[in-house]
Amino acid sequence: MFDQLLIPVQRHTALPGRFAWPGRVILASPSSADLLPLGQLARQLRRPGRLVRVQRDAFGPAALRIRRDAQGRLPAEGYRLSILPAGIEITAADDAGAFYALQTLGQLAGGADAPVGACMVEDWPVFRRRGVYLDCSRGKVPTVQRLKDIADLLASWKINEMQLYIENVFQFRRHPRIGRGYSPFSAADLLEIQDYCRGRHVNFVGSLASFGHMERILRLPEYQHLSETGGRWGSTLCPGDPGSIRLLRELYEEFVPLFEARDFNACGDEPWELGKGRSKRRCDKVGVGQVYMEFLLKVRRLVLGHGKRLNVWADIVLDHSDLLRRWPKDIVMLNWDYGREGPRIARTREIVRAGLEVVVCPGTNAWGSHGCRLELGMDNIANFAAEGLRNKAIGLLNTDWGDGWHRNMLAVSLHNLAWGAAQSWRPRHMDHKAFTERFCHAVFPGVGPGLAGAIRRLGGADEALGMPDDNSSPFYNHALTPLKQLVGADGQAGAFLDSLSQPKAEAWVESLGAIRWPSAPAGFARQMMQEFELARRQEMLAVSRLALAGRLRAGKAVPSGEFADLARQGERLLHLMPAVWLAGNRPSRLRDILKGLRACAAECRRLARQ
């Protein structure tokens, strides 16, 4: 039964006999902290004729009893789970350990009508921080309910940290124009999410772009003067302008105190224009790395003023590795790389040797694709987890970005988010192929066979069609590019179209067309099946359009019926996407995607009439 667990346990030992839930079930603990997960288990167990009651006490008969480790022998968040013929006992190091024990029990015996083999489980996490980082700034801004659904899922996977990537999608009272038109979060939204996460042992950590990736703010007239390059097209704050740190101070005053977490992520990555504009003279004199550090030290003072510990992405410090020996030791470095053997993965050891705490930050590789670059993401996560384990990283933060209007659906990210959870709890000896079946069984129980194969097929387009590993898929990047532009494309886009195998593309579209998603109960599971279907249709349309563009480039005639068929596919997406999107997300950039789809469909209609 342990080979079916989504999140593997550290140790398990089979014992004689079997356990079966009785007709009258008492789930007991003296701790109020256990009431929520016990209530979740009680809902799993309820059947006609079975009475289930959660009871607060420290002694007496019970089918399941939870105790705390009074001797302090268990590691933090650890637990011991004994499933015996006479009953189940959990001994937990702390509240989180009890919660995680119940997640394991829920998969082993929750709601099961058949007896379960007796066993002893001893379990604890490898990484202290086990996080997920969700992009909420490139297009999709999730509803509060969607984020609560995600928090439930992450908690069941023993994830203990969630961050939302925010550039401008927050309602700043002092700077109200920053979030306008982007469906921003309010302070009340974030506090409600935090309250929900707290009961599930998910630390809600604040994150706000604070140097680079400021383009949506800097294009507003009242902030353009703070740009490194000036004008409305910059993405980087000018580090030498006193107004830059003043703006951050005012943003932080509204934002940072909302979060109870000790850590705060000020990002600091990819300040593309640094040293190329107003700071050029200073950078030429002392170096780009020194100017970067000077500005981050100002950010650090702001963060410390709110009682937080600064976290920053590690790319710029590693680009200027002479900074490592001078970098403040209280800053946590978030080392990211998304390739299978990305060069920054192995550089984790440099950060540790410099005396800095580091969190390894792989990625789902679901962004920049309709169906996820599944195997690439799994390899990236596994390799980074192994490197983090070797170098005693304090955590693993699995990132899920939303480049290009965030047309990639949450559903296609879930598999590799779960893989990251498994790797952050016990990163060794995980089977890539078997994991997908485990994932489907745990996350979509009872939906029927075939789901695992469909998810792997949808997530395998780039490999099946011979695309090189990259940070995005050309089928995503060019899905909404006008055919006329694709036909005349040169450079990377043109080379891709010229190399695209027409037979392989046609076979892949046919393969995707054969997928039928199983039905699921109402709620989150059904929404995910609808998102999978939307992802499938987007990928089919993208591959078909680009294959057709390749034929046009080669001077081949295309029957008008094929243009008409592409137009119909686009029109079906126009009909399907709004409802699927709005089931879990605010309107935000949906109108931009629909505008692009509408233009593609109209172009194909025109070409069909010629």
# chains A, B, ... in the order shown; residues from 1 in each chain; ligands from 1
$ select_by_dssp --residues "segment 52-190 of chain A" --states "strand (DSSP E or B)" --output "VMD selection string"
chain A and resid 52 to 55 64 to 68 79 to 84 87 to 92 116 to 123 129 to 135 142 161 to 166 170 185
$ residues_around --residues "segment 81-84 of chain A" --least-positions-apart "2" --cutoff "8 Å" --atoms "only C-alpha atoms" --output "PyMOL selection string"
chain A and resi 15+17-19+79+86-91+101+117-122
$ write_last_selection --atoms "C-alpha atoms" --output "CSV table (one decimal), in the first residue's frame"
chain,number,residue,atom,x,y,z
A,15,LEU,CA,3.1,-5.7,11.4
A,17,GLY,CA,-2.8,-8.4,11.4
A,18,ARG,CA,-5.2,-5.9,9.8
A,19,PHE,CA,-7.2,-2.9,10.9
A,79,TYR,CA,5.3,11.8,13.6
A,86,ALA,CA,-7.1,-2.9,17.8
A,87,GLY,CA,-6.8,0.8,16.7
A,88,ILE,CA,-4.7,3.6,15.4
A,89,GLU,CA,-2.3,5.8,17.4
A,90,ILE,CA,-0.5,8.9,16.3
A,91,THR,CA,2.4,10.4,18.3
A,101,ALA,CA,0.2,12.0,10.1
A,117,GLY,CA,-2.6,-4.1,6.8
A,118,ALA,CA,-1.1,-3.2,10.2
A,119,CYS,CA,2.1,-1.2,10.1
A,120,MET,CA,4.3,1.3,11.8
A,121,VAL,CA,5.3,4.6,10.1
A,122,GLU,CA,8.0,6.9,11.2
$ residues_around --residues "segment 478-480 of chain A" --least-positions-apart "3" --cutoff "7 Å" --atoms "only C-alpha atoms" --output "list of chain:residue names"
A:Pro474, A:Phe475, A:Ala542, A:Gly596, A:Leu597, A:Cys600
$ residues_around --residues "Leu154 of chain A" --least-positions-apart "5" --cutoff "10 Å" --atoms "only C-alpha atoms" --output "ChimeraX atom specification"
/A:130-132,148-149,159-162,197,200-202,414,417-418,421
$ residues_around --residues "segment 174-180 of chain A" --least-positions-apart "6" --cutoff "10 Å" --atoms "only C-alpha atoms" --output "list of chain:residue names"
A:Glu167, A:Asn168, A:Ser186, A:Arg216, A:Ile217, A:Leu218, A:Arg219, A:Leu220, A:Glu222, A:Tyr223, A:Leu247, A:Glu250, A:Leu251, A:Glu253, A:Glu254, A:Ser588
$ residues_around --residues "Leu397 of chain A" --least-positions-apart "5" --cutoff "12 Å" --atoms "only C-alpha atoms" --output "PyMOL selection string"
chain A and resi 127-134+159-164+205+265+311+313+333-337+358-364+381+384-385+388+417+420-421+423-425
$ write_last_selection --atoms "C-alpha atoms" --output "PDB file, in the first residue's frame"
ATOM      1  CA  PHE A 127      13.549  20.223   4.004  1.00  0.00           C
ATOM      2  CA  ARG A 128      12.302  22.682   6.631  1.00  0.00           C
ATOM      3  CA  ARG A 129      10.747  24.982   4.035  1.00  0.00           C
ATOM      4  CA  ARG A 130       8.633  23.193   1.446  1.00  0.00           C
ATOM      5  CA  GLY A 131       7.013  25.810  -0.714  1.00  0.00           C
ATOM      6  CA  VAL A 132       5.065  26.619  -3.841  1.00  0.00           C
ATOM      7  CA  TYR A 133       5.416  29.935  -5.676  1.00  0.00           C
ATOM      8  CA  LEU A 134       2.439  30.947  -7.813  1.00  0.00           C
ATOM      9  CA  ILE A 159       3.716  21.661   1.752  1.00  0.00           C
ATOM     10  CA  ASN A 160       4.230  24.250   4.480  1.00  0.00           C
ATOM     11  CA  GLU A 161       4.741  27.468   2.495  1.00  0.00           C
ATOM     12  CA  MET A 162       2.885  29.346  -0.238  1.00  0.00           C
ATOM     13  CA  GLN A 163       3.984  32.551  -1.951  1.00  0.00           C
ATOM     14  CA  LEU A 164       2.151  34.622  -4.542  1.00  0.00           C
ATOM     15  CA  VAL A 205       4.905  34.386   2.755  1.00  0.00           C
ATOM     16  CA  ASN A 265      10.642  37.811  -0.686  1.00  0.00           C
ATOM     17  CA  ASN A 311      14.727  36.625   0.808  1.00  0.00           C
ATOM     18  CA  TRP A 313      16.500  35.434  -5.934  1.00  0.00           C
ATOM     19  CA  MET A 333      19.156  33.220  -1.173  1.00  0.00           C
ATOM     20  CA  LEU A 334      16.572  31.702  -3.507  1.00  0.00           C
ATOM     21  CA  ASN A 335      18.584  29.855  -6.136  1.00  0.00           C
ATOM     22  CA  TRP A 336      16.548  29.250  -9.289  1.00  0.00           C
ATOM     23  CA  ASP A 337      17.124  27.427 -12.546  1.00  0.00           C
ATOM     24  CA  VAL A 358      19.697  28.849   0.538  1.00  0.00           C
ATOM     25  CA  VAL A 359      16.382  27.575  -0.765  1.00  0.00           C
ATOM     26  CA  VAL A 360      16.563  25.654  -4.046  1.00  0.00           C
ATOM     27  CA  CYS A 361      13.955  26.845  -6.527  1.00  0.00           C
ATOM     28  CA  PRO A 362      13.118  24.559  -9.451  1.00  0.00           C
ATOM     29  CA  GLY A 363      10.002  24.972 -11.580  1.00  0.00           C
ATOM     30  CA  THR A 364       7.063  23.024 -12.915  1.00  0.00           C
ATOM     31  CA  ILE A 381      12.843  19.426  -9.735  1.00  0.00           C
ATOM     32  CA  PHE A 384      17.583  20.536  -7.770  1.00  0.00           C
ATOM     33  CA  ALA A 385      16.175  18.625  -4.784  1.00  0.00           C
ATOM     34  CA  GLY A 388      19.752  20.909  -2.139  1.00  0.00           C
ATOM     35  CA  LEU A 417       3.628  20.770  -8.129  1.00  0.00           C
ATOM     36  CA  GLY A 420       7.900  18.944  -6.098  1.00  0.00           C
ATOM     37  CA  ALA A 421       6.047  18.269  -2.849  1.00  0.00           C
ATOM     38  CA  GLN A 423      10.783  15.715  -3.603  1.00  0.00           C
ATOM     39  CA  SER A 424      10.758  18.280  -0.812  1.00  0.00           C
ATOM     40  CA  TRP A 425       9.575  15.713   1.770  1.00  0.00           C
TER      41      TRP A 425
END
$ closest_residue --among "A:Arg278, A:Arg586, A:Arg373, A:Lys504" --to "Leu465 of chain A" --atoms "only C-alpha atoms"
A:Lys504
$ residues_around --residues "Phe496 of chain A" --least-positions-apart "4" --cutoff "9 Å" --atoms "only C-alpha atoms" --output "PyMOL selection string"
chain A and resi 467+474+491-492+500+550
$ atom_distance --atom1 "atom CA of Asn416 of chain A" --atom2 "atom CA of Arg390 of chain A"
21.7 Å
$ closest_residue --among "A:Lys329, A:Arg67, A:Arg53, A:Arg516" --to "Ser29 of chain A" --atoms "only C-alpha atoms"
A:Arg67
$ closest_residue --among "A:Pro257, A:Gly139, A:Gly275, A:Gly561" --to "Pro239 of chain A" --atoms "only C-alpha atoms"
A:Gly275
$ closest_residue --among "A:Arg609, A:His429, A:Gln527, A:Arg232" --to "Pro559 of chain A" --atoms "only C-alpha atoms"
A:Arg609
$ closest_residue --among "A:Gly339, A:Gly111, A:Gly268, A:Gly287" --to "Gly212 of chain A" --atoms "only C-alpha atoms"
A:Gly268
$ closest_residue --among "A:Leu573, A:Ala464, A:Ile150, A:Asp498" --to "Ser413 of chain A" --atoms "only C-alpha atoms"
A:Ile150
$ select_by_dssp --residues "segment 435-478 of chain A" --states "helix (DSSP H, G or I)" --output "PyMOL selection string"
chain A and resi 435-443+451-458+461-464+474-477
$ atom_distance --atom1 "atom CA of Val9 of chain A" --atom2 "atom CA of Leu374 of chain A"
23.9 Å
